[in-house]
$ cat start.cif   # mmCIF, C-alpha atoms
data_final
loop_
_atom_site.label_atom_id
_atom_site.label_comp_id
_atom_site.auth_asym_id
_atom_site.auth_seq_id
_atom_site.Cartn_x
_atom_site.Cartn_y
_atom_site.Cartn_z
CA MET A 1 99.10 82.97 68.61
CA ASP A 2 95.81 84.85 68.96
CA SER A 3 95.13 87.47 71.61
CA TYR A 4 91.99 87.92 73.67
CA LEU A 5 90.31 90.73 75.51
CA ILE A 6 89.54 91.43 79.13
CA GLN A 7 86.72 93.89 79.70
CA VAL A 8 87.31 96.18 82.67
CA ASN A 9 84.19 97.05 84.69
CA GLY A 10 81.82 95.78 82.03
CA HIS A 11 78.12 95.27 82.68
CA GLY A 12 75.86 92.38 81.73
CA ASP A 13 76.70 88.82 80.81
CA HIS A 14 78.22 89.76 77.46
CA PRO A 15 79.64 93.30 77.68
CA PRO A 16 80.65 95.08 74.47
CA MET A 17 84.34 94.64 73.77
CA LEU A 18 86.88 96.16 71.48
CA ASP A 19 87.44 93.76 68.60
CA VAL A 20 91.21 93.49 69.05
CA HIS A 21 93.01 90.36 67.89
CA LEU A 22 96.14 89.30 66.10
CA LYS A 23 96.02 88.01 62.54
CA THR A 24 98.84 85.73 61.52
CA THR A 25 99.73 85.68 57.83
CA GLY A 26 102.67 83.47 57.13
CA ASN A 27 105.59 84.70 59.20
CA SER A 28 104.18 88.18 59.69
CA VAL A 29 101.78 89.44 62.36
CA SER A 30 99.34 92.26 61.78
CA LEU A 31 96.84 93.97 64.07
CA GLY A 32 93.22 93.40 63.21
CA LYS A 33 90.58 96.06 62.97
CA VAL A 34 90.18 98.09 66.14
CA LYS A 35 86.58 99.18 66.62
CA GLY A 36 85.75 102.38 68.44
CA ARG A 37 89.32 103.50 69.03
CA LYS A 38 91.06 106.40 67.33
CA PRO A 39 94.62 105.79 66.11
CA ARG A 40 96.28 108.07 68.67
CA TRP A 41 97.85 107.73 72.12
CA ALA A 42 95.40 108.21 74.97
CA VAL A 43 96.85 106.57 78.07
CA ARG A 44 95.12 107.68 81.25
CA ALA A 45 95.33 106.67 84.89
CA SER A 46 92.46 104.45 86.07
CA GLU A 47 89.53 105.84 88.04
CA MET A 48 90.61 103.70 91.01
CA SER A 49 94.04 105.31 91.05
CA LYS A 50 92.46 108.75 90.86
CA LYS A 51 90.18 107.95 93.78
CA THR A 52 93.05 106.67 95.90
CA PHE A 53 93.80 109.40 98.42
CA ASN A 54 95.99 109.06 101.50
CA PRO A 55 95.13 111.90 103.92
CA VAL A 56 98.45 111.59 105.73
CA ARG A 57 100.53 111.86 102.57
CA ALA A 58 98.32 114.59 101.14
CA ILE A 59 98.70 116.74 104.25
CA VAL A 60 102.34 115.96 105.00
CA ASP A 61 103.43 116.42 101.39
CA SER A 62 101.73 119.81 101.30
CA MET A 63 103.65 120.94 104.41
CA LYS A 64 106.43 122.57 102.43
CA VAL A 65 108.62 123.51 105.37
CA GLU A 66 112.23 122.82 106.17
CA PRO A 67 113.48 121.91 109.65
CA ASN A 68 115.55 124.45 111.54
CA PRO A 69 119.10 123.79 110.26
CA LYS A 70 120.51 124.68 113.69
CA LYS A 71 118.65 121.78 115.35
CA SER A 72 118.71 118.09 114.47
CA LEU A 73 115.37 116.75 113.29
CA ILE A 74 113.37 114.72 115.82
CA SER A 75 110.63 112.82 114.01
CA LEU A 76 107.71 111.75 116.21
CA SER A 77 105.48 111.09 113.21
CA LEU A 78 106.11 107.59 111.86
CA GLY A 79 104.48 104.58 113.52
CA ASP A 80 107.48 102.34 112.86
CA PRO A 81 109.04 101.01 116.09
CA THR A 82 112.27 100.01 114.31
CA VAL A 83 113.41 103.48 113.19
CA PHE A 84 115.73 104.34 116.07
CA GLY A 85 117.03 100.87 116.89
CA ASN A 86 115.98 101.05 120.53
CA LEU A 87 113.21 98.43 120.11
CA PRO A 88 114.75 95.43 118.33
CA THR A 89 112.73 92.26 117.85
CA ASN A 90 113.50 89.20 119.92
CA ASP A 91 116.34 86.78 119.09
CA GLU A 92 113.82 83.94 118.76
CA VAL A 93 112.06 85.88 116.00
CA THR A 94 115.21 86.38 113.95
CA ARG A 95 116.32 82.80 114.64
CA ALA A 96 113.01 81.57 113.25
CA ILE A 97 113.58 83.47 110.01
CA LYS A 98 117.10 82.13 109.64
CA GLU A 99 115.92 78.56 110.18
CA ALA A 100 113.12 78.95 107.64
CA LEU A 101 115.54 80.37 105.09
CA ASP A 102 118.20 77.71 105.69
CA SER A 103 115.66 74.90 105.40
CA GLY A 104 115.10 75.60 101.71
CA ARG A 105 111.45 74.57 102.14
CA TYR A 106 109.92 78.01 101.63
CA ASP A 107 111.36 79.26 98.35
CA GLY A 108 108.40 78.47 96.12
CA TYR A 109 104.80 79.57 95.80
CA ALA A 110 102.46 78.95 98.71
CA PRO A 111 98.66 78.74 98.53
CA SER A 112 97.27 82.26 98.19
CA VAL A 113 95.69 82.06 101.66
CA GLY A 114 98.92 80.77 103.22
CA TYR A 115 100.39 77.40 104.07
CA GLN A 116 97.95 75.15 105.93
CA SER A 117 100.45 74.57 108.77
CA CYS A 118 100.94 78.32 109.20
CA ARG A 119 97.21 78.97 109.28
CA GLU A 120 96.92 76.25 111.91
CA ALA A 121 99.65 77.95 113.96
CA VAL A 122 97.79 81.28 113.91
CA ALA A 123 94.47 79.60 114.71
CA THR A 124 96.00 77.76 117.66
CA TYR A 125 97.63 80.93 118.98
CA TYR A 126 94.43 83.01 118.93
CA SER A 127 91.80 80.36 119.58
CA CYS A 128 90.02 80.40 122.94
CA PRO A 129 86.80 78.88 124.28
CA GLU A 130 84.92 82.17 123.81
CA ALA A 131 86.08 82.52 120.19
CA PRO A 132 87.36 79.21 118.79
CA LEU A 133 89.32 79.16 115.55
CA LYS A 134 90.45 76.52 113.06
CA ALA A 135 92.89 76.77 110.18
CA GLN A 136 90.10 77.43 107.68
CA ASP A 137 89.19 80.53 109.71
CA VAL A 138 92.58 82.13 108.96
CA ILE A 139 93.65 84.00 105.80
CA LEU A 140 97.31 85.04 105.74
CA THR A 141 98.00 88.40 104.10
CA SER A 142 100.81 90.74 103.15
CA GLY A 143 100.69 92.75 106.36
CA CYS A 144 97.69 93.97 108.31
CA SER A 145 97.09 96.66 105.67
CA GLN A 146 96.27 94.01 103.09
CA ALA A 147 94.12 92.19 105.64
CA ILE A 148 92.05 95.36 106.06
CA GLU A 149 91.91 95.85 102.29
CA LEU A 150 90.64 92.31 101.67
CA ALA A 151 88.13 92.55 104.50
CA LEU A 152 86.71 95.81 103.12
CA ALA A 153 86.70 94.48 99.59
CA VAL A 154 84.76 91.34 100.52
CA LEU A 155 82.18 93.14 102.69
CA ALA A 156 81.38 96.29 100.72
CA ASN A 157 80.38 97.16 97.17
CA PRO A 158 80.82 100.49 95.36
CA GLY A 159 78.05 102.82 96.46
CA GLN A 160 77.81 101.34 99.96
CA ASN A 161 79.21 102.97 103.09
CA ILE A 162 81.22 101.85 106.09
CA LEU A 163 81.31 103.30 109.58
CA VAL A 164 84.79 104.36 110.63
CA PRO A 165 86.16 105.72 113.92
CA ARG A 166 87.18 109.33 114.27
CA PRO A 167 89.98 109.94 115.09
CA GLY A 168 90.97 106.93 113.02
CA PHE A 169 93.72 105.31 110.98
CA SER A 170 93.79 107.07 107.61
CA LEU A 171 94.06 103.81 105.63
CA TYR A 172 90.35 103.09 106.13
CA LYS A 173 89.41 106.21 104.18
CA THR A 174 92.11 105.63 101.56
CA LEU A 175 90.95 102.10 100.80
CA ALA A 176 87.25 102.87 100.95
CA LEU A 177 87.38 105.81 98.56
CA SER A 178 89.51 103.90 96.06
CA MET A 179 86.86 101.15 96.01
CA GLY A 180 83.98 103.59 95.60
CA ILE A 181 82.82 103.07 99.20
CA GLU A 182 81.91 106.10 101.27
CA PRO A 183 83.37 106.26 104.80
CA GLU A 184 80.78 107.77 107.12
CA LYS A 185 82.38 110.53 109.19
CA GLY A 186 81.71 111.53 112.75
CA TRP A 187 81.86 108.44 114.96
CA GLU A 188 83.52 109.52 118.15
CA ILE A 189 82.48 106.46 120.21
CA ASP A 190 79.08 108.04 120.67
CA LEU A 191 76.87 104.95 120.40
CA GLU A 192 73.65 106.87 119.81
CA HIS A 193 75.31 108.83 117.03
CA LEU A 194 76.85 105.65 115.65
CA GLU A 195 73.47 103.97 115.33
CA SER A 196 71.96 107.06 113.71
CA LEU A 197 74.49 106.75 110.87
CA VAL A 198 73.43 103.23 109.89
CA ASP A 199 71.32 102.92 106.76
CA ASP A 200 70.46 100.22 104.21
CA LYS A 201 73.76 100.87 102.43
CA THR A 202 75.96 100.33 105.50
CA ALA A 203 78.23 97.35 104.80
CA CYS A 204 80.21 97.12 108.03
CA LEU A 205 81.49 98.85 111.13
CA ILE A 206 85.23 99.25 111.78
CA VAL A 207 86.39 98.89 115.38
CA ASN A 208 90.04 99.79 116.00
CA ASN A 209 91.11 98.65 119.46
CA PRO A 210 93.67 99.49 120.82
CA SER A 211 93.52 102.68 118.81
CA ASN A 212 95.78 104.37 116.33
CA PRO A 213 96.11 107.36 116.71
CA CYS A 214 94.70 107.65 120.24
CA GLY A 215 96.38 104.86 122.19
CA SER A 216 92.99 104.30 123.83
CA VAL A 217 91.74 100.86 124.93
CA PHE A 218 88.02 100.11 125.05
CA ARG A 219 86.57 98.65 128.21
CA LYS A 220 84.65 95.39 128.02
CA SER A 221 81.36 97.15 128.72
CA HIS A 222 81.87 99.58 125.84
CA LEU A 223 82.70 96.78 123.41
CA GLN A 224 79.54 94.97 124.49
CA LYS A 225 77.50 98.09 123.73
CA ILE A 226 79.11 98.35 120.29
CA LEU A 227 78.23 94.70 119.66
CA ALA A 228 74.64 95.35 120.74
CA VAL A 229 74.35 98.10 118.12
CA ALA A 230 75.88 95.83 115.46
CA SER A 231 73.51 93.02 116.42
CA ARG A 232 70.40 95.24 116.27
CA GLN A 233 71.44 96.59 112.89
CA CYS A 234 72.61 93.20 111.49
CA MET A 235 75.95 94.82 110.71
CA PRO A 236 79.22 92.83 110.54
CA ILE A 237 82.36 94.18 112.20
CA LEU A 238 85.82 94.64 110.77
CA ALA A 239 88.08 94.63 113.85
CA ASP A 240 91.49 96.24 113.37
CA GLU A 241 93.39 94.60 116.23
CA ILE A 242 96.97 95.04 115.03
CA TYR A 243 97.80 96.49 118.48
CA GLY A 244 96.01 93.67 120.29
CA ASP A 245 97.63 92.81 123.64
CA MET A 246 99.78 95.96 123.43
CA VAL A 247 98.14 97.54 126.48
CA PHE A 248 99.59 98.90 129.67
CA ALA A 249 99.14 97.17 133.02
CA ASP A 250 96.27 99.36 134.24
CA CYS A 251 93.98 98.37 131.33
CA LYS A 252 92.84 95.05 129.87
CA TYR A 253 92.59 94.21 126.19
CA GLU A 254 89.47 92.30 125.15
CA PRO A 255 89.40 90.86 121.60
CA ILE A 256 85.94 91.85 120.43
CA ALA A 257 85.21 88.37 119.04
CA THR A 258 85.43 86.88 122.54
CA LEU A 259 82.42 88.99 123.54
CA SER A 260 80.23 88.26 120.52
CA SER A 261 77.84 85.34 120.33
CA ASN A 262 76.13 86.35 117.09
CA VAL A 263 77.79 89.30 115.33
CA PRO A 264 80.15 88.03 112.59
CA ILE A 265 83.62 89.57 112.78
CA LEU A 266 86.66 89.77 110.53
CA SER A 267 89.59 90.47 112.86
CA CYS A 268 92.75 91.84 111.24
CA GLY A 269 96.17 91.56 112.83
CA GLY A 270 99.79 90.74 112.12
CA LEU A 271 103.39 90.65 113.26
CA ALA A 272 104.21 94.32 112.58
CA LYS A 273 103.71 95.99 115.95
CA ARG A 274 103.73 93.42 118.74
CA TRP A 275 106.74 91.59 117.30
CA LEU A 276 108.35 94.84 116.06
CA VAL A 277 108.87 93.73 112.44
CA PRO A 278 106.57 95.91 110.26
CA GLY A 279 108.76 95.43 107.20
CA TRP A 280 108.24 91.66 107.16
CA ARG A 281 104.68 92.20 105.88
CA MET A 282 102.90 89.34 107.62
CA GLY A 283 99.26 89.81 108.54
CA TRP A 284 96.10 87.78 108.86
CA ILE A 285 92.32 87.83 108.89
CA LEU A 286 90.58 85.77 111.57
CA ILE A 287 87.04 84.81 110.57
CA HIS A 288 84.70 84.67 113.57
CA ASP A 289 81.29 83.43 112.44
CA ARG A 290 79.76 81.11 115.03
CA ARG A 291 76.21 81.61 113.70
CA ASP A 292 77.32 80.92 110.10
CA ILE A 293 76.11 84.33 108.95
CA PHE A 294 79.08 84.82 106.62
CA GLY A 295 78.74 81.23 105.46
CA ASN A 296 80.68 80.22 102.35
CA GLU A 297 79.89 83.52 100.66
CA ILE A 298 82.43 85.60 102.58
CA ARG A 299 84.98 82.81 103.00
CA ASP A 300 85.01 82.03 99.29
CA GLY A 301 85.18 85.73 98.50
CA LEU A 302 88.26 86.16 100.70
CA VAL A 303 89.95 83.22 99.01
CA ARG A 304 89.27 84.69 95.56
CA LEU A 305 90.54 88.12 96.60
CA SER A 306 93.70 86.61 98.10
CA GLN A 307 94.48 85.02 94.75
CA ARG A 308 95.23 88.40 93.24
CA ILE A 309 98.77 88.46 94.69
CA LEU A 310 99.35 84.80 95.64
CA GLY A 311 99.82 85.36 99.34
CA PRO A 312 102.42 86.85 101.69
CA CYS A 313 106.16 86.13 101.93
CA THR A 314 106.78 82.40 102.21
CA ILE A 315 109.97 82.74 104.29
CA VAL A 316 108.08 84.63 107.00
CA GLN A 317 105.28 82.08 106.78
CA GLY A 318 107.85 79.35 107.38
CA ALA A 319 108.98 81.12 110.56
CA LEU A 320 105.48 81.94 111.81
CA GLU A 321 104.81 78.97 114.09
CA HIS A 322 108.20 79.40 115.76
CA ILE A 323 107.62 83.16 116.19
CA LEU A 324 104.17 82.76 117.71
CA HIS A 325 104.96 79.94 120.07
CA ARG A 326 108.59 80.49 121.07
CA THR A 327 108.85 84.23 121.59
CA PRO A 328 109.39 84.58 125.37
CA PRO A 329 106.77 86.46 127.41
CA GLU A 330 109.43 88.79 128.84
CA PHE A 331 109.98 90.22 125.36
CA TYR A 332 106.39 91.49 125.21
CA HIS A 333 106.61 92.69 128.81
CA ASN A 334 109.84 94.62 128.20
CA THR A 335 108.44 96.30 125.08
CA LEU A 336 105.35 97.44 126.94
CA SER A 337 107.43 98.64 129.90
CA ILE A 338 109.44 100.88 127.57
CA LEU A 339 106.32 102.21 125.85
CA LYS A 340 104.57 102.86 129.18
CA ALA A 341 107.59 104.68 130.59
CA ASN A 342 107.83 106.81 127.43
CA ALA A 343 104.10 107.53 127.53
CA ASP A 344 104.26 108.64 131.17
CA LEU A 345 107.33 110.77 130.49
CA CYS A 346 105.76 112.44 127.48
CA TYR A 347 102.41 112.95 129.18
CA ALA A 348 103.98 114.57 132.23
CA ALA A 349 106.19 116.86 130.19
CA LEU A 350 103.45 118.01 127.81
CA SER A 351 100.90 118.45 130.62
CA ALA A 352 103.10 121.16 132.06
CA ILE A 353 103.05 123.19 128.85
CA PRO A 354 100.47 125.99 128.64
CA GLY A 355 98.08 125.52 125.74
CA LEU A 356 98.50 121.77 125.36
CA ARG A 357 96.23 119.06 126.74
CA PRO A 358 97.74 115.60 126.27
CA VAL A 359 95.51 112.54 126.61
CA ARG A 360 97.20 109.74 128.52
CA PRO A 361 97.28 106.56 126.37
CA ALA A 362 96.46 103.09 127.66
CA GLY A 363 98.21 101.09 124.95
CA ALA A 364 99.54 100.97 121.38
CA MET A 365 102.37 103.37 120.46
CA TYR A 366 100.83 106.83 120.38
CA LEU A 367 99.77 109.82 122.43
CA MET A 368 97.33 112.47 121.25
CA VAL A 369 97.69 116.10 122.28
CA GLU A 370 94.98 118.73 122.06
CA ILE A 371 96.08 122.20 120.98
CA GLU A 372 94.06 124.94 122.66
CA ILE A 373 94.18 126.73 119.36
CA GLU A 374 92.46 129.85 120.69
CA HIS A 375 95.61 130.50 122.76
CA PHE A 376 97.82 130.38 119.66
CA PRO A 377 96.31 133.15 117.52
CA GLU A 378 99.18 133.01 115.02
CA PHE A 379 97.99 129.61 113.84
CA GLU A 380 94.70 128.84 112.17
CA ASN A 381 94.77 125.08 112.84
CA ASP A 382 96.85 122.04 113.80
CA VAL A 383 98.51 121.86 110.38
CA GLU A 384 99.91 125.39 110.69
CA PHE A 385 100.92 124.69 114.30
CA THR A 386 102.89 121.57 113.40
CA GLU A 387 104.42 123.23 110.32
CA ARG A 388 105.89 125.98 112.46
CA LEU A 389 107.00 123.45 115.07
CA ILE A 390 109.09 121.81 112.35
CA SER A 391 110.54 125.03 110.95
CA GLU A 392 111.40 126.53 114.34
CA GLN A 393 112.23 123.52 116.52
CA SER A 394 112.83 120.64 114.05
CA VAL A 395 110.24 118.48 115.83
CA PHE A 396 107.89 116.64 113.48
CA CYS A 397 104.52 115.52 114.87
CA LEU A 398 101.56 114.53 112.72
CA PRO A 399 98.67 117.01 112.70
CA ALA A 400 95.53 115.11 113.68
CA THR A 401 93.71 116.52 110.67
CA CYS A 402 95.31 113.44 109.07
CA PHE A 403 92.96 111.40 111.27
CA GLU A 404 89.84 113.56 110.73
CA TYR A 405 90.37 115.21 114.14
CA PRO A 406 91.56 118.82 113.84
CA ASN A 407 93.45 120.80 116.47
CA PHE A 408 95.26 117.80 117.93
CA PHE A 409 98.59 116.28 117.03
CA ARG A 410 99.89 112.73 117.42
CA VAL A 411 103.17 111.80 119.09
CA VAL A 412 104.84 108.42 118.49
CA ILE A 413 106.22 107.09 121.78
CA THR A 414 108.63 104.46 120.42
CA VAL A 415 111.59 106.85 120.28
CA PRO A 416 114.45 106.70 122.82
CA GLU A 417 113.83 108.38 126.17
CA GLU A 418 116.44 111.11 125.68
CA MET A 419 114.84 112.02 122.36
CA ILE A 420 111.40 112.32 123.95
CA LEU A 421 112.82 114.63 126.63
CA GLU A 422 114.57 116.79 124.04
CA ALA A 423 111.46 116.92 121.85
CA CYS A 424 109.23 117.91 124.78
CA SER A 425 111.72 120.60 125.80
CA ARG A 426 111.63 122.05 122.29
CA ILE A 427 107.81 121.87 122.17
CA GLN A 428 107.71 123.76 125.48
CA GLU A 429 110.03 126.44 124.11
CA PHE A 430 107.86 126.71 121.00
CA CYS A 431 104.61 127.02 122.96
CA GLU A 432 106.03 129.58 125.37
CA MET A 433 107.06 131.65 122.37
CA HIS A 434 103.58 131.66 120.80
CA TYR A 435 101.13 131.08 123.68
CA GLN A 436 98.55 133.57 124.97
CA GLY A 437 96.26 132.29 127.80
CA ALA A 438 95.76 129.62 130.56
CA GLU A 439 97.03 126.10 131.32
CA GLY A 440 95.51 122.60 131.19
CA GLY A 441 95.90 118.83 130.98
CA GLN A 442 93.62 115.82 131.03
CA ASP A 443 93.86 112.16 131.96
CA LEU A 444 91.69 109.72 130.01
CA GLU A 445 93.54 106.44 130.37
CA CYS A 446 90.86 104.03 129.10
CA ASP A 447 88.12 104.93 126.71
CA LYS A 448 84.43 104.47 127.30
#
$ encode --input "start.cif" --output "C-alpha cells"
Amino acid sequence: MDSYLIQVNGHGDHPPMLDVHLKTTGNSVSLGKVKGRKPRWAVRASEMSKKTFNPVRAIVDSMKVEPNPKKSLISLSLGDPTVFGNLPTNDEVTRAIKEALDSGRYDGYAPSVGYQSCREAVATYYSCPEAPLKAQDVILTSGCSQAIELALAVLANPGQNILVPRPGFSLYKTLALSMGIEPEKGWEIDLEHLESLVDDKTACLIVNNPSNPCGSVFRKSHLQKILAVASRQCMPILADEIYGDMVFADCKYEPIATLSSNVPILSCGGLAKRWLVPGWRMGWILIHDRRDIFGNEIRDGLVRLSQRILGPCTIVQGALEHILHRTPPEFYHNTLSILKANADLCYAALSAIPGLRPVRPAGAMYLMVEIEIEHFPEFENDVEFTERLISEQSVFCLPATCFEYPNFFRVVITVPEEMILEACSRIQEFCEMHYQGAEGGQDLECDK
C-alpha cells in the first residue's frame, strides 16, 4: 500500500510537498527518500493551537489563590444551570431522550448537518412570518459554541476582522484569534463608535442578545439601529441568541432576524440554556437570507465545514422534535421566575453594599457588578479584588476582565436562593473590611 501527502496551508494550485511515500519490496516495507527534512525529532504544536487563547481560562488559571478553609466555597462563576441541582430540565425532555435511545433508530451516523426531520423540527419551531425558515436553513451543530465557530469560519478569512461586543462572551475572541481573525475591541453599544470601526476587512458583526455576561436585553428600536448600520455597511450579522426567550416579564425579546428585511443573518442557538441541558451539546445555525445575499456560497461553505466532525449527537437529534414541541410552557415560566427572583434578591443585597454598583439584569443568567475601585485602594483591579474575595470569603465570581470590561465582576444567578444570600452576606463583609468612601447602585434593566 502506498502513502500520500496532505499539504497543510499550502499556496498555489500545486504546492511543494515532501516526497514521502512507502516502497514495497517483497514482504518488507521501507521509507522512501524524505526531501527537506532532517533525520531528527521535531514535533511542534500547530500555529492554530498556539493562537488559541481563552481569556477566562488564562485569567482564572493565573489566580493562584486558595479558598478560605474555614468557609465552604460558593462558586458564582460557571454559567452552567445544572451545577447545584436546583434547576432540573423538564420530564418531557428526559422522556424524549429515553424514547430516542430505546427506539434504536439513532445509533448510526447522521448527515453532517443533521437529520432532515430534525432540521425541519427546528425550522418549524423558529419560523414566523417576519423571518420564515425551512429545513435547508438549519444546520445542526455540537452545541451553540460549534455553531458560533462554524459561522465565524464561513464568514471570515485570516487577516479580516470582526466586530464583537464589549463586555462580551470570551469565546468570540478565542475562536477569532485561533483562525487568524482580529476581533475589534471597544464596542459598547455605541452605534457611532461601532460604525467608525468598520473597514474593508470587516467580515461580520456579532450581536449577543440577551447578553452574556450582562444579562441585558436590547430594545426593538436599538436592534433596528444596529441593523441600519449593518445595512449601510453591507455587513452580515452573526447573532448569538443562545439565551433567546430567556427574558424577564418587564422586557421583550426580539429575534434580530424578525426585524431585518435585507441584512443576512446567521443566528446561533441551542438547547443548553433554555432547556437546561448544556452537556447534551445540541446547537444550531439558522440561516436568514431573504435577499439571497449569502446565496449558495455561504450555505455550501457551512455544509463543508460541518463535515469535519460529522454532526452532533444522534440520540439528542432523535429527541429534538419531542423536546421542542412537547416541553410545557410552564417549565420555561418557572425557570424564568426562579432566575428573576434570584436576580432581584442579588441586586437588592449588592446595592446596599458600599463600593459596589450592581446592574439589574433583564434576562439570561447573569448580573454584572461594578467595583468602585477607587474606594478599595488595596486592590489594583477587578482580578485582585476577586482573588482576595476567594481567599478571604470563599466566594468565587468572575472578574470582568475576562470579558474585556475591567473593574466589574459577573455573578451567576442560577444558584439556590440560600446560597445567593450567603454569598451576598460574605461579599458585604468583605467590602466593609476593605472599603473607603461613599455608596451607590444603579438600575439599567433593558439596554439601549
$ resolve_selection --input "start.cif" --expression "the PyMOL selection byres ((chain A and resi 305-314) around 6)" --output "list in words"
Tyr106, Ser112, Val113, Thr141, Ser142, Leu302, Val303, Arg304, Ile315, Val316 and Gln317 of chain A
$ atom_distance --input "start.cif" --atom1 "CA of Gln233 in chain A" --atom2 "CA of Ala147 in chain A"
24.2 Å
$ closest_residue --input "start.cif" --among "A:Met63, A:Ser260, A:Ser77, A:Leu266" --to "Glu149 in chain A" --atoms "all atoms listed in the file"
A:Leu266
$ residues_around --input "start.cif" --residues "range 382-389 of chain A" --least-positions-apart "5" --cutoff "7 Å" --atoms "only C-alpha atoms" --output "number ranges by chain"
A: 63, 65, 394-395, 397, 399, 406-409, 430
$ residues_near_point --input "start.cif" --point "(74.9, 105.5, 113.7)" --cutoff "12 Å" --atoms "all atoms listed in the file" --output "PyMOL selection string"
chain A and resi 161-165+184-200+202+204-205+226+229-230+232-233+235
$ atom_distance --input "start.cif" --atom1 "CA of Gly104 in chain A" --atom2 "CA of Leu320 in chain A"
15.3 Å
$ closest_residue --input "start.cif" --among "A:Ile298, A:Met246, A:Leu276, A:Ala151" --to "Ala362 in chain A" --atoms "all atoms listed in the file"
A:Met246
$ residues_around --input "start.cif" --residues "His375 in chain A" --least-positions-apart "6" --cutoff "10 Å" --atoms "all atoms listed in the file" --output "PyMOL selection string"
chain A and resi 354-356+431+434-439
$ closest_residue --input "start.cif" --among "A:Ala341, A:Val138, A:Ile420, A:Ile206" --to "Gly270 in chain A" --atoms "only C-alpha atoms"
A:Val138
$ closest_residue --input "start.cif" --among "A:Leu87, A:Leu286, A:Cys402, A:Cys234" --to "Phe53 in chain A" --atoms "all atoms listed in the file"
A:Cys402
$ resolve_selection --input "start.cif" --expression "the PyMOL selection byres ((chain A and resi 137) around 12)" --output "MDAnalysis selection string"
chainID A and resid 113:114 116 118:124 126:127 131:136 138:140 265:268 284:290 292 294:296 298:300 302:303
$ atom_distance --input "start.cif" --atom1 "CA of Leu238 in chain A" --atom2 "CA of Cys128 in chain A"
19.2 Å
$ build_atoms --input "start.cif" --residues "range 318-323 of chain A" --atoms "all heavy atoms" --output "CSV table (one decimal), in the frame of the given file"
chain,number,residue,atom,x,y,z
A,318,GLY,N,107.1,80.5,106.9
A,318,GLY,CA,107.8,79.4,107.4
A,318,GLY,C,108.3,79.6,108.8
A,318,GLY,O,108.5,78.6,109.5
A,319,ALA,N,108.5,80.8,109.2
A,319,ALA,CA,109.0,81.1,110.6
A,319,ALA,C,107.8,81.4,111.5
A,319,ALA,O,108.0,81.5,112.7
A,319,ALA,CB,109.9,82.4,110.5
A,320,LEU,N,106.6,81.4,111.0
A,320,LEU,CA,105.5,81.9,111.8
A,320,LEU,C,105.2,81.1,113.1
A,320,LEU,O,105.0,81.7,114.2
A,320,LEU,CB,104.2,82.0,110.9
A,320,LEU,CG,103.1,82.9,111.4
A,320,LEU,CD1,103.5,84.2,111.8
A,320,LEU,CD2,102.0,83.0,110.3
A,321,GLU,N,105.1,79.8,112.9
A,321,GLU,CA,104.8,79.0,114.1
A,321,GLU,C,105.9,79.2,115.2
A,321,GLU,O,105.5,79.3,116.4
A,321,GLU,CB,104.7,77.5,113.7
A,321,GLU,CG,104.3,76.6,114.9
A,321,GLU,CD,104.1,75.2,114.4
A,321,GLU,OE1,104.4,74.8,113.2
A,321,GLU,OE2,103.6,74.4,115.3
A,322,HIS,N,107.1,79.2,114.8
A,322,HIS,CA,108.2,79.4,115.8
A,322,HIS,C,108.0,80.8,116.4
A,322,HIS,O,108.2,80.9,117.7
A,322,HIS,CB,109.5,79.3,115.0
A,322,HIS,CG,110.8,79.4,115.9
A,322,HIS,ND1,111.9,78.7,115.7
A,322,HIS,CD2,111.0,80.2,116.9
A,322,HIS,CE1,112.8,79.0,116.6
A,322,HIS,NE2,112.3,79.9,117.4
A,323,ILE,N,107.8,81.8,115.6
A,323,ILE,CA,107.6,83.2,116.2
A,323,ILE,C,106.5,83.2,117.2
A,323,ILE,O,106.6,83.8,118.3
A,323,ILE,CB,107.4,84.2,115.0
A,323,ILE,CG1,108.6,84.3,114.2
A,323,ILE,CG2,107.0,85.5,115.6
A,323,ILE,CD1,108.5,85.1,112.9
